[in-house]
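S.K.: To be precise about what I am sending: the file is called upload.cif and holds mmCIF, C-alpha atoms and all ligand atoms.
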```
data_query
loop_
_atom_site.group_PDB
_atom_site.id
_atom_site.type_symbol
_atom_site.label_atom_id
_atom_site.label_comp_id
_atom_site.auth_asym_id
_atom_site.auth_seq_id
_atom_site.Cartn_x
_atom_site.Cartn_y
_atom_site.Cartn_z
ATOM 1 C CA MET R 1 -172.936 59.607 -42.938
ATOM 2 C CA GLN R 2 -170.191 61.278 -40.873
ATOM 3 C CA THR R 3 -171.657 63.678 -38.307
ATOM 4 C CA GLU R 4 -171.617 67.363 -39.033
ATOM 5 C CA MET R 5 -169.924 67.036 -42.417
ATOM 6 C CA LYS R 6 -169.930 70.346 -44.260
ATOM 7 C CA ILE R 7 -170.219 69.874 -47.999
ATOM 8 C CA SER R 8 -169.918 72.585 -50.656
ATOM 9 C CA PHE R 9 -170.935 72.100 -54.274
ATOM 10 C CA ILE R 10 -169.339 74.235 -56.971
ATOM 11 C CA GLY R 11 -171.922 74.053 -59.755
ATOM 12 C CA GLY R 12 -175.590 73.539 -58.935
ATOM 13 C CA GLY R 13 -176.905 72.085 -62.201
ATOM 14 C CA ASN R 14 -178.626 68.811 -63.045
ATOM 15 C CA MET R 15 -176.268 66.317 -61.398
ATOM 16 C CA ALA R 16 -175.593 68.499 -58.355
ATOM 17 C CA ALA R 17 -179.362 68.854 -57.864
ATOM 18 C CA ALA R 18 -179.769 65.054 -57.955
ATOM 19 C CA LEU R 19 -176.988 64.575 -55.381
ATOM 20 C CA ILE R 20 -178.174 67.428 -53.155
ATOM 21 C CA GLY R 21 -181.775 66.206 -53.331
ATOM 22 C CA GLY R 22 -180.664 62.702 -52.404
ATOM 23 C CA LEU R 23 -178.416 63.936 -49.595
ATOM 24 C CA ALA R 24 -180.746 66.601 -48.198
ATOM 25 C CA GLY R 25 -182.860 64.272 -46.087
ATOM 26 C CA ARG R 26 -180.012 61.966 -45.125
ATOM 27 C CA LEU R 27 -177.469 64.238 -43.464
ATOM 28 C CA ALA R 28 -176.750 64.049 -39.760
ATOM 29 C CA ALA R 29 -177.774 66.990 -37.561
ATOM 30 C CA GLY R 30 -175.205 69.756 -37.807
ATOM 31 C CA ALA R 31 -174.141 68.848 -41.317
ATOM 32 C CA ASN R 32 -174.873 71.324 -44.049
ATOM 33 C CA ILE R 33 -174.830 71.794 -47.799
ATOM 34 C CA HIS R 34 -173.643 74.972 -49.463
ATOM 35 C CA VAL R 35 -173.838 75.609 -53.216
ATOM 36 C CA VAL R 36 -171.906 78.010 -55.432
ATOM 37 C CA ASP R 37 -173.196 78.689 -58.931
ATOM 38 C CA ILE R 38 -172.917 81.622 -61.313
ATOM 39 C CA ASN R 39 -176.485 80.958 -62.409
ATOM 40 C CA ALA R 40 -178.941 82.766 -60.096
ATOM 41 C CA ASP R 41 -181.913 80.667 -61.253
ATOM 42 C CA ALA R 42 -180.124 77.393 -60.455
ATOM 43 C CA LEU R 43 -179.297 78.686 -56.952
ATOM 44 C CA ALA R 44 -182.845 79.901 -56.296
ATOM 45 C CA ARG R 45 -184.275 76.512 -57.344
ATOM 46 C CA LEU R 46 -181.905 74.583 -55.083
ATOM 47 C CA ALA R 47 -182.476 76.883 -52.104
ATOM 48 C CA GLN R 48 -186.239 76.606 -52.525
ATOM 49 C CA ARG R 49 -186.331 72.811 -53.070
ATOM 50 C CA PHE R 50 -183.740 71.698 -50.545
ATOM 51 C CA GLY R 51 -183.092 74.627 -48.173
ATOM 52 C CA VAL R 52 -179.367 74.808 -48.929
ATOM 53 C CA SER R 53 -177.257 77.944 -48.418
ATOM 54 C CA SER R 54 -175.856 79.468 -51.583
ATOM 55 C CA ALA R 55 -173.407 81.956 -53.057
ATOM 56 C CA HIS R 56 -172.556 83.311 -56.503
ATOM 57 C CA ALA R 57 -168.812 82.883 -56.021
ATOM 58 C CA ILE R 58 -166.431 80.795 -53.929
ATOM 59 C CA ASP R 59 -166.609 82.192 -50.400
ATOM 60 C CA ALA R 60 -165.541 81.571 -46.790
ATOM 61 C CA GLN R 61 -168.131 78.825 -46.400
ATOM 62 C CA VAL R 62 -166.491 76.843 -49.211
ATOM 63 C CA ALA R 63 -163.092 77.338 -47.557
ATOM 64 C CA ALA R 64 -164.547 76.071 -44.244
ATOM 65 C CA SER R 65 -166.007 72.908 -45.818
ATOM 66 C CA ASP R 66 -164.810 69.369 -45.136
ATOM 67 C CA VAL R 67 -165.694 68.270 -48.653
ATOM 68 C CA ILE R 68 -165.937 70.248 -51.894
ATOM 69 C CA VAL R 69 -167.815 68.655 -54.807
ATOM 70 C CA LEU R 70 -166.818 69.984 -58.221
ATOM 71 C CA ALA R 71 -170.004 69.705 -60.266
ATOM 72 C CA VAL R 72 -169.443 72.019 -63.230
ATOM 73 C CA LYS R 73 -169.193 70.920 -66.860
ATOM 74 C CA PRO R 74 -165.803 69.527 -67.954
ATOM 75 C CA GLN R 75 -165.128 72.625 -70.050
ATOM 76 C CA GLN R 76 -165.678 74.855 -66.964
ATOM 77 C CA MET R 77 -163.469 72.833 -64.625
ATOM 78 C CA ARG R 78 -160.114 74.448 -65.220
ATOM 79 C CA GLU R 79 -161.395 77.953 -64.536
ATOM 80 C CA VAL R 80 -163.267 76.818 -61.424
ATOM 81 C CA ALA R 81 -160.173 74.994 -60.157
ATOM 82 C CA ALA R 82 -158.094 78.163 -60.560
ATOM 83 C CA GLN R 83 -160.700 80.097 -58.535
ATOM 84 C CA LEU R 84 -160.779 77.410 -55.845
ATOM 85 C CA ALA R 85 -157.024 76.819 -55.478
ATOM 86 C CA PRO R 86 -156.312 79.784 -53.113
ATOM 87 C CA HIS R 87 -159.051 78.552 -50.732
ATOM 88 C CA LEU R 88 -157.764 74.983 -50.441
ATOM 89 C CA GLY R 89 -156.217 73.431 -47.371
ATOM 90 C CA LYS R 90 -157.152 70.018 -46.051
ATOM 91 C CA GLN R 91 -160.523 69.716 -47.755
ATOM 92 C CA LEU R 92 -161.394 66.582 -49.669
ATOM 93 C CA VAL R 93 -162.239 67.408 -53.288
ATOM 94 C CA LEU R 94 -164.714 65.191 -55.145
ATOM 95 C CA SER R 95 -164.922 65.687 -58.893
ATOM 96 C CA ILE R 96 -167.986 64.392 -60.694
ATOM 97 C CA ALA R 97 -166.896 65.632 -64.127
ATOM 98 C CA ALA R 98 -166.774 63.263 -67.075
ATOM 99 C CA GLY R 99 -163.354 62.974 -68.657
ATOM 100 C CA ILE R 100 -161.326 65.387 -66.514
ATOM 101 C CA ARG R 101 -158.261 63.475 -65.280
ATOM 102 C CA GLY R 102 -157.205 63.563 -61.657
ATOM 103 C CA ALA R 103 -153.631 64.631 -62.447
ATOM 104 C CA ASP R 104 -154.867 67.628 -64.477
ATOM 105 C CA LEU R 105 -157.293 68.634 -61.761
ATOM 106 C CA SER R 106 -154.596 68.302 -59.092
ATOM 107 C CA ARG R 107 -152.278 70.531 -61.126
ATOM 108 C CA TRP R 108 -155.004 73.167 -61.643
ATOM 109 C CA LEU R 109 -155.673 73.054 -57.891
ATOM 110 C CA GLY R 110 -152.040 73.949 -57.164
ATOM 111 C CA GLY R 111 -150.922 70.369 -56.460
ATOM 112 C CA HIS R 112 -153.813 69.471 -54.137
ATOM 113 C CA GLY R 113 -153.671 65.703 -53.599
ATOM 114 C CA ALA R 114 -156.865 64.900 -51.716
ATOM 115 C CA ILE R 115 -159.001 64.275 -54.793
ATOM 116 C CA VAL R 116 -161.477 61.496 -55.500
ATOM 117 C CA ARG R 117 -162.829 61.216 -59.036
ATOM 118 C CA THR R 118 -166.399 60.020 -59.062
ATOM 119 C CA MET R 119 -169.028 59.230 -61.668
ATOM 120 C CA PRO R 120 -172.485 59.329 -60.073
ATOM 121 C CA ASN R 121 -175.858 59.174 -61.833
ATOM 122 C CA THR R 122 -179.162 60.996 -61.499
ATOM 123 C CA PRO R 123 -181.114 58.227 -59.678
ATOM 124 C CA ALA R 124 -179.136 59.563 -56.666
ATOM 125 C CA LEU R 125 -182.088 61.949 -56.329
ATOM 126 C CA VAL R 126 -184.263 59.046 -55.148
ATOM 127 C CA GLY R 127 -181.486 57.306 -53.207
ATOM 128 C CA ARG R 128 -180.935 54.732 -55.994
ATOM 129 C CA GLY R 129 -177.776 56.086 -57.609
ATOM 130 C CA ILE R 130 -174.602 54.176 -58.320
ATOM 131 C CA THR R 131 -171.219 55.859 -58.364
ATOM 132 C CA GLY R 132 -167.867 54.745 -59.736
ATOM 133 C CA MET R 133 -165.033 56.106 -57.558
ATOM 134 C CA ALA R 134 -161.250 56.377 -57.994
ATOM 135 C CA ALA R 135 -158.967 57.943 -55.370
ATOM 136 C CA LEU R 136 -155.763 59.766 -56.222
ATOM 137 C CA PRO R 137 -152.668 58.574 -54.298
ATOM 138 C CA GLY R 138 -152.843 61.581 -51.907
ATOM 139 C CA VAL R 139 -156.204 60.507 -50.449
ATOM 140 C CA SER R 140 -156.084 59.167 -46.868
ATOM 141 C CA SER R 141 -158.192 56.174 -45.837
ATOM 142 C CA GLU R 142 -160.305 58.542 -43.696
ATOM 143 C CA GLN R 143 -160.994 60.718 -46.727
ATOM 144 C CA ARG R 144 -161.768 57.670 -48.842
ATOM 145 C CA ASN R 145 -164.279 56.568 -46.205
ATOM 146 C CA ALA R 146 -165.815 60.061 -46.135
ATOM 147 C CA ALA R 147 -166.189 60.066 -49.934
ATOM 148 C CA ASP R 148 -167.733 56.606 -49.812
ATOM 149 C CA ALA R 149 -170.163 57.659 -47.045
ATOM 150 C CA ILE R 150 -171.397 60.655 -49.054
ATOM 151 C CA LEU R 151 -172.094 58.655 -52.205
ATOM 152 C CA LYS R 152 -173.451 55.672 -50.237
ATOM 153 C CA ALA R 153 -176.011 58.044 -48.734
ATOM 154 C CA VAL R 154 -177.549 58.348 -52.208
ATOM 155 C CA GLY R 155 -177.072 54.776 -53.461
ATOM 156 C CA ASP R 156 -174.240 52.331 -54.002
ATOM 157 C CA THR R 157 -170.543 52.783 -54.811
ATOM 158 C CA VAL R 158 -168.054 50.852 -56.950
ATOM 159 C CA TRP R 159 -164.368 51.572 -56.254
ATOM 160 C CA LEU R 160 -161.876 51.362 -59.120
ATOM 161 C CA ASP R 161 -158.134 50.754 -58.746
ATOM 162 C CA ASP R 162 -157.466 52.306 -62.129
ATOM 163 C CA GLU R 163 -158.743 55.845 -62.744
ATOM 164 C CA THR R 164 -159.024 55.253 -66.506
ATOM 165 C CA LEU R 165 -161.948 52.902 -65.789
ATOM 166 C CA ILE R 166 -164.041 55.980 -64.953
ATOM 167 C CA ASP R 167 -164.655 56.375 -68.713
ATOM 168 C CA PRO R 168 -166.282 52.920 -69.051
ATOM 169 C CA VAL R 169 -168.251 53.593 -65.852
ATOM 170 C CA THR R 170 -169.462 56.845 -67.414
ATOM 171 C CA ALA R 171 -170.601 54.883 -70.481
ATOM 172 C CA VAL R 172 -172.442 52.291 -68.370
ATOM 173 C CA SER R 173 -174.001 54.026 -65.368
ATOM 174 C CA GLY R 174 -173.226 57.754 -65.681
ATOM 175 C CA SER R 175 -174.958 58.114 -69.040
ATOM 176 C CA GLY R 176 -176.971 54.914 -68.529
ATOM 177 C CA PRO R 177 -180.155 56.453 -67.098
ATOM 178 C CA ALA R 178 -180.577 58.285 -70.421
ATOM 179 C CA TYR R 179 -180.514 54.958 -72.318
ATOM 180 C CA VAL R 180 -183.172 53.591 -69.990
ATOM 181 C CA PHE R 181 -185.354 56.679 -70.454
ATOM 182 C CA TYR R 182 -184.845 56.370 -74.232
ATOM 183 C CA PHE R 183 -186.023 52.748 -74.128
ATOM 184 C CA ILE R 184 -189.020 53.705 -71.972
ATOM 185 C CA GLU R 185 -189.870 56.518 -74.394
ATOM 186 C CA ALA R 186 -189.848 54.003 -77.267
ATOM 187 C CA MET R 187 -192.059 51.597 -75.297
ATOM 188 C CA GLN R 188 -194.470 54.426 -74.491
ATOM 189 C CA GLN R 189 -194.619 55.430 -78.157
ATOM 190 C CA ALA R 190 -195.419 51.873 -79.234
ATOM 191 C CA ALA R 191 -198.012 51.513 -76.449
ATOM 192 C CA SER R 192 -199.754 54.648 -77.643
ATOM 193 C CA GLU R 193 -199.633 53.561 -81.313
ATOM 194 C CA MET R 194 -201.327 50.289 -80.267
ATOM 195 C CA GLY R 195 -204.193 52.065 -78.519
ATOM 196 C CA LEU R 196 -203.173 52.281 -74.850
ATOM 197 C CA SER R 197 -203.585 55.637 -73.124
ATOM 198 C CA ALA R 198 -200.492 57.693 -72.289
ATOM 199 C CA GLU R 199 -200.954 56.939 -68.587
ATOM 200 C CA GLN R 200 -201.412 53.206 -69.176
ATOM 201 C CA GLY R 201 -198.314 53.078 -71.412
ATOM 202 C CA ARG R 202 -196.272 55.013 -68.846
ATOM 203 C CA ARG R 203 -197.272 52.761 -65.944
ATOM 204 C CA LEU R 204 -196.754 49.541 -67.918
ATOM 205 C CA ALA R 205 -193.361 50.565 -69.347
ATOM 206 C CA ILE R 206 -191.890 51.936 -66.104
ATOM 207 C CA ALA R 207 -193.144 49.063 -63.931
ATOM 208 C CA THR R 208 -191.690 46.601 -66.437
ATOM 209 C CA PHE R 209 -188.274 48.262 -66.112
ATOM 210 C CA THR R 210 -188.264 48.470 -62.327
ATOM 211 C CA GLY R 211 -189.728 44.957 -61.980
ATOM 212 C CA ALA R 212 -187.294 43.340 -64.421
ATOM 213 C CA ALA R 213 -184.340 45.185 -62.882
ATOM 214 C CA GLU R 214 -185.384 44.104 -59.383
ATOM 215 C CA LEU R 215 -185.793 40.506 -60.577
ATOM 216 C CA ALA R 216 -182.299 40.603 -62.120
ATOM 217 C CA ALA R 217 -180.866 42.127 -58.922
ATOM 218 C CA GLN R 218 -182.434 39.442 -56.720
ATOM 219 C CA SER R 219 -181.706 36.492 -59.020
ATOM 220 C CA ASP R 220 -178.573 34.314 -58.911
ATOM 221 C CA GLU R 221 -179.032 33.509 -62.593
ATOM 222 C CA PRO R 222 -177.549 35.433 -65.521
ATOM 223 C CA VAL R 223 -179.906 37.920 -67.173
ATOM 224 C CA SER R 224 -179.730 35.867 -70.388
ATOM 225 C CA VAL R 225 -181.511 33.019 -68.536
ATOM 226 C CA LEU R 226 -184.147 35.436 -67.231
ATOM 227 C CA ARG R 227 -184.620 36.675 -70.805
ATOM 228 C CA GLU R 228 -185.004 33.121 -72.144
ATOM 229 C CA ARG R 229 -187.648 32.417 -69.482
ATOM 230 C CA VAL R 230 -189.829 35.198 -70.952
ATOM 231 C CA THR R 231 -189.292 33.969 -74.497
ATOM 232 C CA SER R 232 -191.838 31.227 -75.237
ATOM 233 C CA LYS R 233 -191.103 29.231 -78.372
ATOM 234 C CA GLY R 234 -192.833 30.804 -81.362
ATOM 235 C CA GLY R 235 -194.438 33.398 -79.090
ATOM 236 C CA THR R 236 -194.666 37.173 -78.847
ATOM 237 C CA THR R 237 -191.314 37.821 -77.148
ATOM 238 C CA TYR R 238 -189.584 35.697 -79.752
ATOM 239 C CA ALA R 239 -191.206 37.861 -82.430
ATOM 240 C CA ALA R 240 -190.015 41.041 -80.712
ATOM 241 C CA LEU R 241 -186.440 39.866 -80.048
ATOM 242 C CA THR R 242 -186.087 38.470 -83.569
ATOM 243 C CA SER R 243 -187.128 41.890 -84.879
ATOM 244 C CA MET R 244 -184.609 43.628 -82.550
ATOM 245 C CA ASP R 245 -181.809 41.294 -83.671
ATOM 246 C CA ALA R 246 -182.679 41.941 -87.321
ATOM 247 C CA SER R 247 -182.443 45.703 -86.611
ATOM 248 C CA GLY R 248 -179.090 45.296 -84.845
ATOM 249 C CA VAL R 249 -180.369 46.781 -81.573
ATOM 250 C CA LYS R 250 -177.793 45.055 -79.350
ATOM 251 C CA GLU R 251 -174.869 46.033 -81.602
ATOM 252 C CA ALA R 252 -176.185 49.593 -81.704
ATOM 253 C CA ILE R 253 -176.287 49.790 -77.893
ATOM 254 C CA VAL R 254 -172.771 48.352 -77.543
ATOM 255 C CA LYS R 255 -171.475 50.761 -80.195
ATOM 256 C CA ALA R 256 -173.195 53.710 -78.491
ATOM 257 C CA MET R 257 -171.553 52.872 -75.158
ATOM 258 C CA HIS R 258 -168.112 52.701 -76.781
ATOM 259 C CA ALA R 259 -168.865 56.160 -78.209
ATOM 260 C CA ALA R 260 -169.695 57.452 -74.713
ATOM 261 C CA ALA R 261 -166.435 56.105 -73.237
ATOM 262 C CA ALA R 262 -164.468 57.504 -76.178
ATOM 263 C CA ARG R 263 -166.062 60.930 -75.630
ATOM 264 C CA GLY R 264 -164.997 60.744 -71.961
ATOM 265 C CA ARG R 265 -161.372 60.125 -72.992
ATOM 266 C CA GLU R 266 -161.621 62.882 -75.581
ATOM 267 C CA LEU R 267 -162.941 65.370 -73.004
ATOM 268 C CA GLY R 268 -159.951 64.533 -70.796
ATOM 269 C CA GLU R 269 -157.539 65.193 -73.650
ATOM 270 C CA GLU R 270 -159.383 68.258 -74.933
ATOM 271 C CA PHE R 271 -159.699 70.080 -71.614
ATOM 272 C CA GLY R 272 -156.644 68.611 -69.882
ATOM 273 C CA LYS R 273 -154.122 70.287 -72.174
ATOM 274 C CA ASP R 274 -151.662 72.692 -70.555
HETATM 275 N N1 LIG D 1 -176.082 65.123 -65.728
HETATM 276 C C1 LIG D 1 -175.699 63.896 -65.374
HETATM 277 O O1 LIG D 1 -176.474 62.925 -65.386
HETATM 278 C C2 LIG D 1 -174.283 63.659 -64.925
HETATM 279 C C3 LIG D 1 -173.328 64.665 -64.991
HETATM 280 N N2 LIG D 1 -172.047 64.428 -64.550
HETATM 281 C C4 LIG D 1 -171.048 65.501 -64.572
HETATM 282 O O2 LIG D 1 -171.531 66.526 -63.739
HETATM 283 C C5 LIG D 1 -171.039 67.776 -64.193
HETATM 284 C C6 LIG D 1 -172.188 68.753 -64.284
HETATM 285 O O3 LIG D 1 -173.105 68.248 -65.242
HETATM 286 P P1 LIG D 1 -174.599 68.774 -65.264
HETATM 287 O O4 LIG D 1 -175.098 68.912 -63.880
HETATM 288 O O5 LIG D 1 -175.315 67.908 -66.223
HETATM 289 O O6 LIG D 1 -174.343 70.232 -65.909
HETATM 290 P P2 LIG D 1 -175.150 71.576 -65.700
HETATM 291 O O7 LIG D 1 -174.783 72.475 -66.818
HETATM 292 O O8 LIG D 1 -176.591 71.268 -65.445
HETATM 293 O O9 LIG D 1 -174.549 72.172 -64.323
HETATM 294 C C7 LIG D 1 -173.362 72.926 -64.226
HETATM 295 C C8 LIG D 1 -173.677 74.190 -63.442
HETATM 296 O O10 LIG D 1 -172.444 74.851 -63.120
HETATM 297 C C9 LIG D 1 -172.635 76.229 -63.374
HETATM 298 N N3 LIG D 1 -171.334 76.917 -63.540
HETATM 299 C C10 LIG D 1 -170.667 77.211 -64.687
HETATM 300 N N4 LIG D 1 -169.505 77.859 -64.407
HETATM 301 C C11 LIG D 1 -169.458 77.998 -63.057
HETATM 302 C C12 LIG D 1 -168.530 78.594 -62.169
HETATM 303 N N5 LIG D 1 -167.421 79.212 -62.605
HETATM 304 N N6 LIG D 1 -168.789 78.546 -60.832
HETATM 305 C C13 LIG D 1 -169.916 77.940 -60.380
HETATM 306 N N7 LIG D 1 -170.848 77.373 -61.180
HETATM 307 C C14 LIG D 1 -170.621 77.388 -62.504
HETATM 308 C C15 LIG D 1 -173.500 76.243 -64.609
HETATM 309 O O11 LIG D 1 -174.060 77.504 -64.864
HETATM 310 P P3 LIG D 1 -174.415 77.853 -66.412
HETATM 311 O O12 LIG D 1 -175.540 76.950 -66.796
HETATM 312 O O13 LIG D 1 -174.797 79.309 -66.374
HETATM 313 O O14 LIG D 1 -173.165 77.587 -67.214
HETATM 314 C C16 LIG D 1 -174.535 75.175 -64.235
HETATM 315 O O15 LIG D 1 -175.555 75.697 -63.412
HETATM 316 C C17 LIG D 1 -170.363 67.542 -65.542
HETATM 317 O O16 LIG D 1 -168.983 67.633 -65.370
HETATM 318 C C18 LIG D 1 -170.817 66.142 -65.933
HETATM 319 O O17 LIG D 1 -169.821 65.459 -66.642
HETATM 320 C C19 LIG D 1 -171.683 63.222 -64.002
HETATM 321 C C20 LIG D 1 -172.585 62.221 -63.921
HETATM 322 C C21 LIG D 1 -173.945 62.309 -64.428
HETATM 323 O O1 LIG D 2 -173.531 63.468 -70.706
HETATM 324 C C1 LIG D 2 -172.570 63.725 -69.975
HETATM 325 O O2 LIG D 2 -171.492 64.119 -70.462
HETATM 326 C C2 LIG D 2 -172.710 63.547 -68.499
HETATM 327 C C3 LIG D 2 -171.727 62.548 -67.943
HETATM 328 C C4 LIG D 2 -172.526 61.316 -67.635
HETATM 329 C C5 LIG D 2 -173.901 61.754 -67.767
HETATM 330 N N1 LIG D 2 -174.002 62.972 -68.180
#
```
Taking this structure as input, can you express it in the form of structure tokens?
M.R.:
Amino acid sequence: MQTEMKISFIGGGNMAAALIGGLAGRLAAGANIHVVDINADALARLAQRFGVSSAHAIDAQVAASDVIVLAVKPQQMREVAAQLAPHLGKQLVLSIAAGIRGADLSRWLGGHGAIVRTMPNTPALVGRGITGMAALPGVSSEQRNAADAILKAVGDTVWLDDETLIDPVTAVSGSGPAYVFYFIEAMQQAASEMGLSAEQGRRLAIATFTGAAELAAQSDEPVSVLRERVTSKGGTTYAALTSMDASGVKEAIVKAMHAAAARGRELGEEFGKD
């Protein structure tokens, strides 16, 4: 992390809280985090949890920042950009919004070029996030490195040459934690139906996810091979996977992810209109 980097967040909701929480313990001395949100409760929570400074509107501290993270909902972005534009100089702007295209954001920010579009995810809170990143042409290599350092402080980064790939990234890793939680919820429900306690089901389901994911991360083999190794002929896993195939679980997941990417494109079109 660059020393003494001053970072302002506009929007202090769910994703900002995950990033701020992940960053809070990892900043160099002298660095600071400032948050602007119209929601007093959101600001109070962030100040109490992470000791950040806060304001209800864009202020001098935002103007004095090195990096400004735009963390409002896509539908709020245009208005926020208009409020921010008069305060912009050389700051690097990071957008985390789904859908909102860099060219639209740049226009709303009065032609500001130093913009990196990012798609982080909530495991950033525990330092295990992954972020897709795409730089607009006006971003210097120093600014690109600064953006990378911020998101690397809370996990890993994947750079994209083509900004439109942010929509697929959103479908995979931006929204992805919700799919994992959904799967864990289903496993917990089944565990409880079969007589395990809530705590036993929770521990077994979560440890299975983290363990299998770690095994996949450390293995040189494709995940399909790891799956086959669990699936004894005529055994229990075979029974489960045969049932999933019959229910079209894989097709449903693939279809759902296409829907997420399509919604990202739609948000860009819907809120990017002049
Ligand atoms: N949640 C996630 O996992 C991820 C979200 N994102 C992106 O992050 C962005 C934020 O999402 P999320 O955190 O879930 O949303 P939230 O609604 O939780 O957070 C947005 C916050 O911004 C506040 N806000 C609204 N208008 C303004 C304004 N004019 N100035 C300052 N603050 C304002 C909202 O207040 P109020 O509630 O009163 O409107 C709210 O507190 C979205 O663009 C989303 O696409 C990206 C990756 C993952
Ligand atoms: O659901 C959403 O639109 C945001 C973007 C990715 C995760 N949450």
S.K.: Neighbouring residues of region 108-121 of chain R were defined as those with any atom within 6 Å, considering only C-alpha atoms; residues of the same chain fewer than 2 positions away were excluded. Please report them as number ranges by chain.
M.R.: R: 81-82, 85, 92-96, 105-106, 123, 129-136, 138-139, 174
S.K.: For the selection just defined, write its residues with C-alpha atoms to a file, as a compact mmCIF listing (two decimals), in the frame of the given file.
M.R.:
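Listed below is the output, selection.txt:
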```
# COMPACT_ATOMS: atom_id res chain seq x y z
CA ALA R 81 -160.17 74.99 -60.16
CA ALA R 82 -158.09 78.16 -60.56
CA ALA R 85 -157.02 76.82 -55.48
CA LEU R 92 -161.39 66.58 -49.67
CA VAL R 93 -162.24 67.41 -53.29
CA LEU R 94 -164.71 65.19 -55.14
CA SER R 95 -164.92 65.69 -58.89
CA ILE R 96 -167.99 64.39 -60.69
CA LEU R 105 -157.29 68.63 -61.76
CA SER R 106 -154.60 68.30 -59.09
CA PRO R 123 -181.11 58.23 -59.68
CA GLY R 129 -177.78 56.09 -57.61
CA ILE R 130 -174.60 54.18 -58.32
CA THR R 131 -171.22 55.86 -58.36
CA GLY R 132 -167.87 54.74 -59.74
CA MET R 133 -165.03 56.11 -57.56
CA ALA R 134 -161.25 56.38 -57.99
CA ALA R 135 -158.97 57.94 -55.37
CA LEU R 136 -155.76 59.77 -56.22
CA GLY R 138 -152.84 61.58 -51.91
CA VAL R 139 -156.20 60.51 -50.45
CA GLY R 174 -173.23 57.75 -65.68
```
S.K.: For the file shown, what are the residues hit by the PyMOL selection byres (((not hetatm)) within 9 of (chain D and resi 1)), laid out as a ChimeraX atom specification?
M.R.: /R:9-18,35-43,56-58,70-77,79-81,83,95-100,118-123,131,170,173-178,264
S.K.: Please produce an output containing C-alpha atoms for each residue in the selection, written as a compact mmCIF listing (two decimals), in the coordinates of the input.
M.R.:
```txt
# COMPACT_ATOMS: atom_id res chain seq x y z
CA PHE R 9 -170.94 72.10 -54.27
CA ILE R 10 -169.34 74.24 -56.97
CA GLY R 11 -171.92 74.05 -59.76
CA GLY R 12 -175.59 73.54 -58.94
CA GLY R 13 -176.90 72.08 -62.20
CA ASN R 14 -178.63 68.81 -63.04
CA MET R 15 -176.27 66.32 -61.40
CA ALA R 16 -175.59 68.50 -58.36
CA ALA R 17 -179.36 68.85 -57.86
CA ALA R 18 -179.77 65.05 -57.96
CA VAL R 35 -173.84 75.61 -53.22
CA VAL R 36 -171.91 78.01 -55.43
CA ASP R 37 -173.20 78.69 -58.93
CA ILE R 38 -172.92 81.62 -61.31
CA ASN R 39 -176.48 80.96 -62.41
CA ALA R 40 -178.94 82.77 -60.10
CA ASP R 41 -181.91 80.67 -61.25
CA ALA R 42 -180.12 77.39 -60.46
CA LEU R 43 -179.30 78.69 -56.95
CA HIS R 56 -172.56 83.31 -56.50
CA ALA R 57 -168.81 82.88 -56.02
CA ILE R 58 -166.43 80.80 -53.93
CA LEU R 70 -166.82 69.98 -58.22
CA ALA R 71 -170.00 69.70 -60.27
CA VAL R 72 -169.44 72.02 -63.23
CA LYS R 73 -169.19 70.92 -66.86
CA PRO R 74 -165.80 69.53 -67.95
CA GLN R 75 -165.13 72.62 -70.05
CA GLN R 76 -165.68 74.86 -66.96
CA MET R 77 -163.47 72.83 -64.62
CA GLU R 79 -161.40 77.95 -64.54
CA VAL R 80 -163.27 76.82 -61.42
CA ALA R 81 -160.17 74.99 -60.16
CA GLN R 83 -160.70 80.10 -58.54
CA SER R 95 -164.92 65.69 -58.89
CA ILE R 96 -167.99 64.39 -60.69
CA ALA R 97 -166.90 65.63 -64.13
CA ALA R 98 -166.77 63.26 -67.08
CA GLY R 99 -163.35 62.97 -68.66
CA ILE R 100 -161.33 65.39 -66.51
CA THR R 118 -166.40 60.02 -59.06
CA MET R 119 -169.03 59.23 -61.67
CA PRO R 120 -172.48 59.33 -60.07
CA ASN R 121 -175.86 59.17 -61.83
CA THR R 122 -179.16 61.00 -61.50
CA PRO R 123 -181.11 58.23 -59.68
CA THR R 131 -171.22 55.86 -58.36
CA THR R 170 -169.46 56.84 -67.41
CA SER R 173 -174.00 54.03 -65.37
CA GLY R 174 -173.23 57.75 -65.68
CA SER R 175 -174.96 58.11 -69.04
CA GLY R 176 -176.97 54.91 -68.53
CA PRO R 177 -180.16 56.45 -67.10
CA ALA R 178 -180.58 58.28 -70.42
CA GLY R 264 -165.00 60.74 -71.96
```
S.K.: Using only C-alpha atoms, which residue out of R:Arg128, R:Arg78, R:Arg101, R:Arg26 lies closest to Gly268 (chain R)?
M.R.: R:Arg101
S.K.: What would the list of residues within 7 Å of (-161.4, 79.1, -52.5) (file frame) look like as JSON, numbers by chain, if all atoms listed in the file are what count?
M.R.: {"R": [58, 59, 62, 63, 83, 84, 85, 86, 87, 88]}
S.K.: Applied to the shown file, which residues does the PyMOL selection byres (((chain R and resi 244-253) around 12) and not hetatm) return, written as a list in words?
M.R.: Ala171, Val172, Gly176, Tyr179, Val180, Tyr182, Phe183, Thr237, Tyr238, Ala239, Ala240, Leu241, Thr242, Ser243, Val254, Lys255, Ala256, Met257, His258, Ala259 and Ala260 of chain R
S.K.: Measuring atom to atom with all atoms listed in the file, identify which of R:Gly51, R:Val69, R:Arg202, R:Val169 is nearest to ligand LIG 2 (chain D).
M.R.: R:Val169
S.K.: Find the axis-aligned box for region 213-230 of chain R, covering all its listed atoms and adding 8 Å on each side, and write its centre and edge lengths in Å to one decimal as JSON.
M.R.:
```
{"center_x": -183.7, "center_y": 38.8, "center_z": -64.4, "size_x": 28.3, "size_y": 28.8, "size_z": 31.4}
```
